[in-house]
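For reference, the structure is listed below as structure tokens.
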Amino acid sequence: MIVTALSLIIAILTTLYYRLIRKFKKANYFLNVIRSVSKSLAQNHEIAAFNGNDEIIYTTHPQVYSNKEEFFQSLFGRVTASASFKNFYRLFEAKKSCNALINSSGSGIQNQFKKWIIAGNNLKASNSLIGEPISVITLSDVSKQFTENEKIASNYERLEAFLDHFPFGIFYVNNLGKIVGSNVTFANFVNFSRERLIGMDIKNFIDGFDYNIPPQKQHQAILKPRLSREIDIVLLKFSMNGNVSIQPWIVFKSRVNEDSLEEKNNFIEQEVFNLAPIPSVITTPLGEIKALNPALATMIQDKIILEKNKIIKPGGNILDFIKPEIANGNIIEHLKYTFSSMEISSPVEIKFSREDIIAMAYISRIDSARSTSKLLLIQLVDITNQKILEQRLIQSQKMQAIGQLAGGIAHDFNNLLTAMIGFCDLLLQRYTPNDPSYGDVVQIKQNAGRAANLVKQLLAFSRQQTLKPKVVSVTELLVDLFSLLKRLIGVNIDFQIIHGRDIWPVEVDNSQFEQVIINLVVNARDAMGNNGKLVIRTKNYFSDKEFKCVYDVAHPGDYVLIEVVDTGCGIDKSLVESIFDPFFSKKDEKAKKTSGAGIGLGLSTVYGIVNQTGGFINVETEIGKGANFKIYLPKYTGLRKLQDTAQEQVLRDLSGSETVLLVEDEDPVRMFSARALRDKGYKVLEAASGEEALAIAKNEKFDLLVTDVVMPKIDGPTLNKMLREKIKNLKTIFISGYTEDTFRQDVGKNSSIHFLQKPFTLKDLASKVKEVITNA
């Protein structure tokens with residue numbers, strides 16, 4: 001209903017906007033309202049409105065598709081072609097209002113399964129404010145709601161199953177004595193189905209039933225089952241807050257006649273305590289254990305054993321099994337406070353010693369007229385997995401925040417480095433190698449290149465670098481790397497690669513995979529010093545269940561496992577979850593100065609590349625015995641063939657005579673790029689903004705548009721779209737400090753649109769321009 005309402009709202013807003021446009025030609029205020037609504041809706045909704053010609057007239061995601069056909073092509077690639085989705089498409093094409101629940105296809109690297117509600121509305125021309133039919137589609141992400149509902153439903157089902165098979169009968173009656181509900185046990189007592197019991201008078205089954213007896217007081221009666229003899233029972237009424245017209249009752253079958261009522265009560269309480277699904281323990285205010293139920297033993301699995309072979313059992317003390325920093329503080333205070341006060345104490349978090357079991361303890365006082373003992377009931381809810389998930393979420397958010405910061409820094413640095421490297425190239429063209437200044441310029445360019453590599457590592461960590469994956473053999477990649485790795489580690493370290501047999505193909509970026517292996521090998525070399533043994537092993541790996549890695553949980557499936565094993569100093573277990581953080585390093589200052597490394601981006605780069613590739617990384621280590629880094633890359637199961645890992649380099653003439661419109665708001669980048677292209681023979685039209693470029697385009701003809709992506713007012717993609725309305729076959733090269741993957745999310749896979757990432761050299765720019773113009 002909410003999704004359908006959103007569709008109608010957007011349809012109304014769209015028709016009003018177009019009506020205002022036609023009447024007044026200016027509707028800036030209303031357009032701002034629509035944009036404001038769109039911005040808030042786009043966080044959880046994707047909305048598209050089409051006119052009678054199936055053209056986009058409104059969307060929360062502009063520049064992704066321009067008409068209804070492109071919208072559905074994009075949607076077909078994202079969702080599973082279920083019967084409900086096909087029925088939605090059929091009804092929508094028939095101009096009928098419709099909606100459906102659809103699922104994502106789960107295709108692509110790290111694409112999670114999602115659920116959407118899709119709603120379609122079609123307004124006829126007679127009902128449209130613009131006098132022509134309008135179609136509106138709304139996609140709303142409801143994955144979170146489904147996840148929460150599934151958790152609630154699961155917990156409810158478990159509780160319902162427990163109550164249904166409780167060893168005592170439970171029934172609910174209203175103030176007229178009519179049965180409104182029962183559990184399976186009570187239905188079995190009276191030999192009726194639960195459904196048939198609804199609405200029947202409880203007195204048909206229980207002689208001596210009195211609705212008005214006080215709550216919590218036991219009452220003897222006789223049960224009259226169908227087709228069976230009468231049974232002596234005990235009734236116990238419970239008060240239900242907020243609804244006095246419906247009351248729950250518990251039915252206990254009486255034990256042998258000679259048992260006293262006191263013994264019956266003790267038996268009932270003991271059975272309830274033992275059968276309760278919640279781990280529970282009864283203690284004194286000082287923590288002495290009087291009783292515990294089987295659920296507690298199941299939770300701890302008899303693993304909590306102290307130095308003196310103590311185990312949790314009656315006669316021991318609960319404080320002996322809790323972490324000392326907790327046992328001496330909050331827990332004893334809670335025990336004393338709960339017993340001395342009539343108030344319910346707030347729950348307290350406790351952690352058991354020797355085992356990583358964390359529980360939330362709910363403490364309540366046991367009030368019994370039959371006992372003068374001072375006792376407390378402690379009910380424990382195991383929150384170990386919840387705590388693990390919390391830590392993973394915190395770590396994930398930290399990594400994401402650092403990644404966003406790194407990506408932003410990388411973008412700004414790329415602009416600066418483009419100008420530095422570019423002007424160095426221009427200077428080197430003017431000097432000869434014998435010139436005294438030639439070496440200085442080379443040094444500047446080399447250091448700028450090192451800065452560019454640092455930026456690439458930041459982008460790799462933040463998982464924002466552009467990957468060019470190919471289907472390759474890990475064995476071939478490692479064979480090609482062997483000589484380089486041998487030189488890196490030196491002659492004093494025993495180094496070997498053990499190749500597995502029939503290793504599955506994987507889909508990776510060759511250069512990025514090599515970077516991962518090199519970083520791990522260099523780290524291993526530094527950990528071993530001048531001697532030791534380093535082994536790289538590969539094998540096929542299959543897991544039929546999830547397995548934990550450092551930050552992530554790997555999914556079941558087929559993987560190619562690459563292990564990098566060293567005999568170095570090892571890593572303290574307390575530091576394992578920090579080693580992949582950027583700028584984290586345990587190398588001393590002397591090692592950093594002598595090796596020129598140690599800035600702490602090596603392992604963070606490894607993590608970012610592996611994660612962006614869709615793989616996982618884990619580490620097994622022990623102080624003094626070395627470390628084993630394990631990389632799990634998903635097996636490639638597509639139809640593409642293995643590609644040769646060798647890179648072909650083609651030298652060609654980079655000169656040209658065509659006209660290039662260069663649009664760049666950064667003056668140094670624009671000045672260098674213009675000079676570089678003019679030196680190659682091109683005619684260059686310079687523009688510092690999108691507006692200036694449009695003005696030039698009115699009076700000048702050009703063969704190629706080279707434009708920055710991020711610019712004030714009119715950005716690169718918008719400029720390209722506006723120029724394409726006049727120049728149908730326009731060829732465009734976008735340049736940006738951001739990566740191509742981020743850029744492609746906005747402009748799609750148009751083959752006439754090309755990308756050159758900053759920082760680029762004079763040769764990079766000239767090669768790209770020549771390539772685009774030549775292949776037109």
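Naming works like this for the structure tokens: A, B, ... for the chains as they're shown, residue 1 at the start of each chain, ligands 1 onward in shown order.
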- In range 502-579 of chain A, what's helix (DSSP H, G or I) per DSSP? Answer as a VMD selection string? chain A and resid 510 to 528 573 to 578
- Task: Could you give me, as a ChimeraX atom specification, the residues within 10 Å of Asp653 in chain A, counting only C-alpha atoms and dropping anything in the same chain fewer than 6 positions from it?
- Result: /A:680,766-767,770
- Task: Within 8 Å of Ile562 in chain A, counting only C-alpha atoms, which residues show up once you throw out same-chain ones fewer than 4 positions away? Write them as a list in words, please.
- Result: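 The neighbour list is Ile536, Arg537, Thr538, Lys539, Lys630, Ile631 and Tyr632 of chain A.
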Would you save the residues of that selection, restricted to N, CA, C and O atoms, as a PDB file, in the first residue's frame?
ATOM      1  N   ILE A 536      54.877 -20.656  -0.770  1.00  0.00           N
ATOM      2  CA  ILE A 536      53.567 -20.296  -1.324  1.00  0.00           C
ATOM      3  C   ILE A 536      52.929 -21.580  -1.836  1.00  0.00           C
ATOM      4  O   ILE A 536      53.517 -22.284  -2.664  1.00  0.00           O
ATOM      5  N   ARG A 537      51.732 -21.903  -1.333  1.00  0.00           N
ATOM      6  CA  ARG A 537      51.030 -23.132  -1.725  1.00  0.00           C
ATOM      7  C   ARG A 537      49.692 -22.781  -2.356  1.00  0.00           C
ATOM      8  O   ARG A 537      49.034 -21.824  -1.949  1.00  0.00           O
ATOM      9  N   THR A 538      49.301 -23.580  -3.330  1.00  0.00           N
ATOM     10  CA  THR A 538      47.974 -23.397  -3.938  1.00  0.00           C
ATOM     11  C   THR A 538      47.246 -24.731  -3.950  1.00  0.00           C
ATOM     12  O   THR A 538      47.862 -25.800  -4.066  1.00  0.00           O
ATOM     13  N   LYS A 539      45.936 -24.670  -3.808  1.00  0.00           N
ATOM     14  CA  LYS A 539      45.125 -25.875  -3.921  1.00  0.00           C
ATOM     15  C   LYS A 539      43.666 -25.478  -4.098  1.00  0.00           C
ATOM     16  O   LYS A 539      43.274 -24.336  -3.803  1.00  0.00           O
ATOM     17  N   LYS A 630      46.067 -16.801   4.331  1.00  0.00           N
ATOM     18  CA  LYS A 630      45.266 -17.609   3.413  1.00  0.00           C
ATOM     19  C   LYS A 630      44.336 -16.713   2.611  1.00  0.00           C
ATOM     20  O   LYS A 630      43.556 -15.955   3.177  1.00  0.00           O
ATOM     21  N   ILE A 631      44.436 -16.829   1.290  1.00  0.00           N
ATOM     22  CA  ILE A 631      43.573 -16.054   0.393  1.00  0.00           C
ATOM     23  C   ILE A 631      42.623 -17.024  -0.301  1.00  0.00           C
ATOM     24  O   ILE A 631      43.059 -17.994  -0.920  1.00  0.00           O
ATOM     25  N   TYR A 632      41.318 -16.759  -0.181  1.00  0.00           N
ATOM     26  CA  TYR A 632      40.293 -17.599  -0.813  1.00  0.00           C
ATOM     27  C   TYR A 632      39.688 -16.814  -1.974  1.00  0.00           C
ATOM     28  O   TYR A 632      39.004 -15.804  -1.771  1.00  0.00           O
TER      29      TYR A 632
END
- Item | Spatial neighbours of Phe162 in chain A, max dist 10 Å, only C-alpha atoms, sep filter under 4 positions, as a list of chain:residue names |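 Everything that qualifies: A:Tyr156, A:Glu157, A:Arg158, A:Phe166, A:Pro167, A:Asn183, A:Leu275, A:Ala276, A:Pro277.
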- Message: Need to verify the contact set: range 46-60 of chain A, 6 Å, only C-alpha atoms, exclusion of same-chain residues closer than 5 positions in sequence. Can you return it as a list in words?
- Response: Ser38, Ser66, Asn67, Lys68, Pro133, Ile134, Ser135, Val136, Ile137, Thr138 and Leu139 of chain A
- Quick one: of A:Asp494, A:Glu476, A:Asp566, A:Asp425, who's nearest to Leu765 in chain A, counting only C-alpha atoms? A:Asp425
- With distances taken over only C-alpha atoms, which of A:Pro436, A:Gly490, A:Pro634, A:Gly690 is nearest to Tyr541 in chain A?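 Selected residue with least distance to Tyr541 in chain A: A:Pro634.
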